[in-house]
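Novice: Quick one: the structure is below, and I'll ask about it shortly.
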Amino acid sequence: MSWNTRVTELLEIEYPIVQGGLAYLAYADLAAAVSEAGGLGQITAMSLPSPEALKQQIQKVRMKTTKPFGVNFAIGNHGRSFESMVEAALEEDIKIISVTGGNPAPLFEMLQGTDVKKLVLVAATRQAQKAEEIGADAVIAVGQEGGGHLGRDDIGTMVLIPRIVDSVSIPVIGSGGIGDGRGWMAAHALGAEGIEMGTRFIATKECVDASPAYIETLLTSSERDTTIIKRTIGAPARALANEWTDQILRKEAEGIGYDGLKSYISGDANRKFIHEGVRGEGFGWGGQVAGMIEDVPTVAELFARMKNEAELVRNKWGRN
């Protein structure tokens, strides 16, 4: 079956499947595996300590695959400038960049005069329209089921995708609650021309930086075992529920603000769980799709399974 869409044409990939940025996890092994399987792998730039470290990750991906891959810039959540990291990506001749977590306009200004393809994560129609207006080549519409940082309006994927599809002319990539071929086809039925997955890619063999405890939590969680933190500071984000997120929610209920929450929601606290597996001293991002994750395949195995599931759906549609 052909999987050709404007997304596959734009990104020059076989399947319209994009791997999310995944802070502190989306490095060369995972990115290369996703790209080699036919999707778009991505490196998370702002989780890296320096421009040189980003260059090393890019070079490592190119040692593992000759297929397209991208670099994700989470520009609103790290308290540091992104300019030197963008410059490093351009020096390495990166052709695809995605932007999450902030206003992409300043970053887009750095890309003027280049042929870099630009993707922007959005959670509202107005954001999608603005992204198109300033030059995005595609938008990623993330519903509130997703893991990590979300929109403030709690709009689910089923409603958000068609709303955004109807509001822009550029391709829309659906995200949030997608973890198998059924979700892939559902996104297409809603008008998306591709999908992005984050949580599902954590539970793969090539996500080598995810601790066994993190993986085990994903395997044993249901769709009810996530929670929204950081809502009181205007940056809602979905994490796997544990003792640490319970503490965060109690602190938020006390109204202590960002300064009081800072140590609880920091990158250090995130890494304490996702890298070291210390359950009582940190947290891990995760979407409601965790309830559908039951194994840890290779990325290639996951793609093969999703393609078979999607083909079954397409065949059923053809028997009307």
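Labels used: A, B, ... for chains in the order of the structure tokens, numbers from 1 for residues in each chain, and numbers from 1 for ligands as shown.
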Can you tell me, as a count of residues only, what residues are no more than 6 Å from region 87-104 of chain A when counting only C-alpha atoms, ignoring any on the same chain fewer than 4 positions away?

Specialist: 14

Novice: Taking the backbone alone, and naming residues the way the document does, which bits of region 89-209 of chain A are strand (DSSP E or B) by DSSP, as a list in words?

Specialist: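 DSSP-assigned strand (DSSP E or B) residues in region 89-209 of chain A: Ile96, Ile97, Ser98, Val99, Thr100, Lys117, Lys118, Leu119, Val120, Leu121, Val122, Ala138, Val139, Ile140, Ala141, Val142, Gly148, His149, Val172, Ile173, Gly174, Ser175, Ile195, Glu196 and Met197 of chain A.
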
Novice: I need the residues from that last selection saved to file as a PDB file, in the first residue's frame (with C-alpha atoms), if you can.

Specialist:
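Contents of result07.pdb, as written:
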```pdb
ATOM      1  CA  ILE A  96      14.386  19.595   9.136  1.00  0.00           C
ATOM      2  CA  ILE A  97      13.749  21.468  12.394  1.00  0.00           C
ATOM      3  CA  SER A  98      10.758  21.259  14.730  1.00  0.00           C
ATOM      4  CA  VAL A  99       9.875  23.825  17.375  1.00  0.00           C
ATOM      5  CA  THR A 100       7.973  23.205  20.592  1.00  0.00           C
ATOM      6  CA  LYS A 117      11.759  22.484   6.571  1.00  0.00           C
ATOM      7  CA  LYS A 118      10.015  23.874   9.646  1.00  0.00           C
ATOM      8  CA  LEU A 119       7.517  22.002  11.855  1.00  0.00           C
ATOM      9  CA  VAL A 120       5.713  23.621  14.794  1.00  0.00           C
ATOM     10  CA  LEU A 121       3.868  21.909  17.643  1.00  0.00           C
ATOM     11  CA  VAL A 122       0.499  23.583  18.306  1.00  0.00           C
ATOM     12  CA  ALA A 138       3.602  21.834   8.656  1.00  0.00           C
ATOM     13  CA  VAL A 139       2.074  21.877  12.122  1.00  0.00           C
ATOM     14  CA  ILE A 140       1.857  19.113  14.709  1.00  0.00           C
ATOM     15  CA  ALA A 141      -1.516  19.245  16.463  1.00  0.00           C
ATOM     16  CA  VAL A 142      -1.196  17.765  19.961  1.00  0.00           C
ATOM     17  CA  GLY A 148       4.730  16.273  28.144  1.00  0.00           C
ATOM     18  CA  HIS A 149       3.720  19.881  27.591  1.00  0.00           C
ATOM     19  CA  VAL A 172      -1.236  18.754   9.750  1.00  0.00           C
ATOM     20  CA  ILE A 173       0.454  15.996  11.757  1.00  0.00           C
ATOM     21  CA  GLY A 174      -1.719  14.511  14.506  1.00  0.00           C
ATOM     22  CA  SER A 175      -0.347  13.850  17.983  1.00  0.00           C
ATOM     23  CA  ILE A 195       1.265  11.371  13.040  1.00  0.00           C
ATOM     24  CA  GLU A 196       3.750  12.164  15.783  1.00  0.00           C
ATOM     25  CA  MET A 197       4.345   9.751  18.647  1.00  0.00           C
TER      26      MET A 197
END
```

Novice: Kindly indicate which residue among A:Met185, A:Ala131, A:Met292, A:Cys207 lies nearest to Ile43 (chain A), using only C-alpha atoms for the distances.

Specialist: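 Using only C-alpha atoms, the shortest distance to Ile43 (chain A) belongs to A:Cys207.
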
Novice: Kindly indicate which residue among A:Glu193, A:Asp180, A:Asp154, A:Asp225 lies nearest to Pro16 (chain A), using only C-alpha atoms for the distances.

Specialist: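 The shortest atom-to-atom distance to Pro16 (chain A) comes from A:Glu193.
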
Novice: Point out the residue among A:Gly113, A:Gly146, A:Pro297, A:Gly318 with the least atom-to-atom distance to Ala203 (chain A), counting only C-alpha atoms.

Specialist: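 Of A:Gly113, A:Gly146, A:Pro297, A:Gly318, the one nearest Ala203 (chain A) is A:Pro297, counting only C-alpha atoms.
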
Novice: Give me, as number ranges by chain, all polymer residues having an atom no more than 12 Å from Tyr214 (chain A), counting only C-alpha atoms and skipping those fewer than 5 positions away in the same chain.

Specialist: A: 25, 199, 202-204, 207-209, 219-221, 239-242, 270-279, 282-286, 290, 296

Novice: Report as number ranges by chain: the residues of region 91-194 of chain A with a DSSP assignment of helix (DSSP H, G or I), based on the backbone of this structure.

Specialist: A: 91, 105-110, 125-133, 157-165, 181-189

Novice: Counting only C-alpha atoms, which residue out of A:Met63, A:Ile178, A:Leu218, A:Ile248 sits closest to Ala33 (chain A)?

Specialist: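 With only C-alpha atoms as the atom set, the closest residue is A:Met63.
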
Novice: Given only C-alpha atoms as the basis, pick out the residue of A:Ser211, A:Val299, A:Arg200, A:Lys251 nearest to Gly39 (chain A).

Specialist: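 Closest candidate: A:Val299.
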
Novice: If we count only C-alpha atoms, what is near Ile233 (chain A) at a cut-off of 9 Å, once residues fewer than 3 positions away on the same chain are taken out, given as a list in words?

Specialist: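 Listing them by chain and then by number gives Lys230, Pro236, Glu252, Gly257 and Tyr258 of chain A.
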
Novice: What does the distance from CA of Ile164 (chain A) to CA of Arg126 (chain A) come to in Å, to one decimal?

Specialist: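 Those two atoms sit 8.6 Å apart.
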
Novice: I'd like to know which of A:Gly260, A:Pro171, A:Gly198, A:Gly181 is closest to Ala304 (chain A), using only C-alpha atoms.

Specialist: A:Gly181

Novice: For CA of Glu309 (chain A) and CA of Gly143 (chain A), determine how far apart the two atoms are, in Å to one decimal place.

Specialist: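 Computing it gives 22.1 Å between the two atoms.
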
Novice: Which neighbours of Phe108 (chain A) fall inside 9 Å, counting only C-alpha atoms, when residues of the same chain fewer than 5 positions from it are skipped, and could you give them as an mmCIF file with N, CA and C atoms, in the first residue's frame?

Specialist:
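File written: selection_32.cif
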```cif
data_model
loop_
_atom_site.group_PDB
_atom_site.id
_atom_site.type_symbol
_atom_site.label_atom_id
_atom_site.label_comp_id
_atom_site.auth_asym_id
_atom_site.auth_seq_id
_atom_site.Cartn_x
_atom_site.Cartn_y
_atom_site.Cartn_z
ATOM 1 N N LYS A 118 10.327 23.424 8.290
ATOM 2 C CA LYS A 118 10.015 23.874 9.646
ATOM 3 C C LYS A 118 8.673 23.291 10.115
ATOM 4 N N ILE A 134 3.829 32.686 9.691
ATOM 5 C CA ILE A 134 5.236 33.049 9.782
ATOM 6 C C ILE A 134 6.152 32.090 9.029
ATOM 7 N N GLY A 135 5.563 31.079 8.365
ATOM 8 C CA GLY A 135 6.377 30.267 7.475
ATOM 9 C C GLY A 135 6.546 28.807 7.807
ATOM 10 N N ALA A 136 5.769 28.262 8.752
ATOM 11 C CA ALA A 136 5.865 26.834 9.039
ATOM 12 C C ALA A 136 5.469 26.024 7.811
#
```
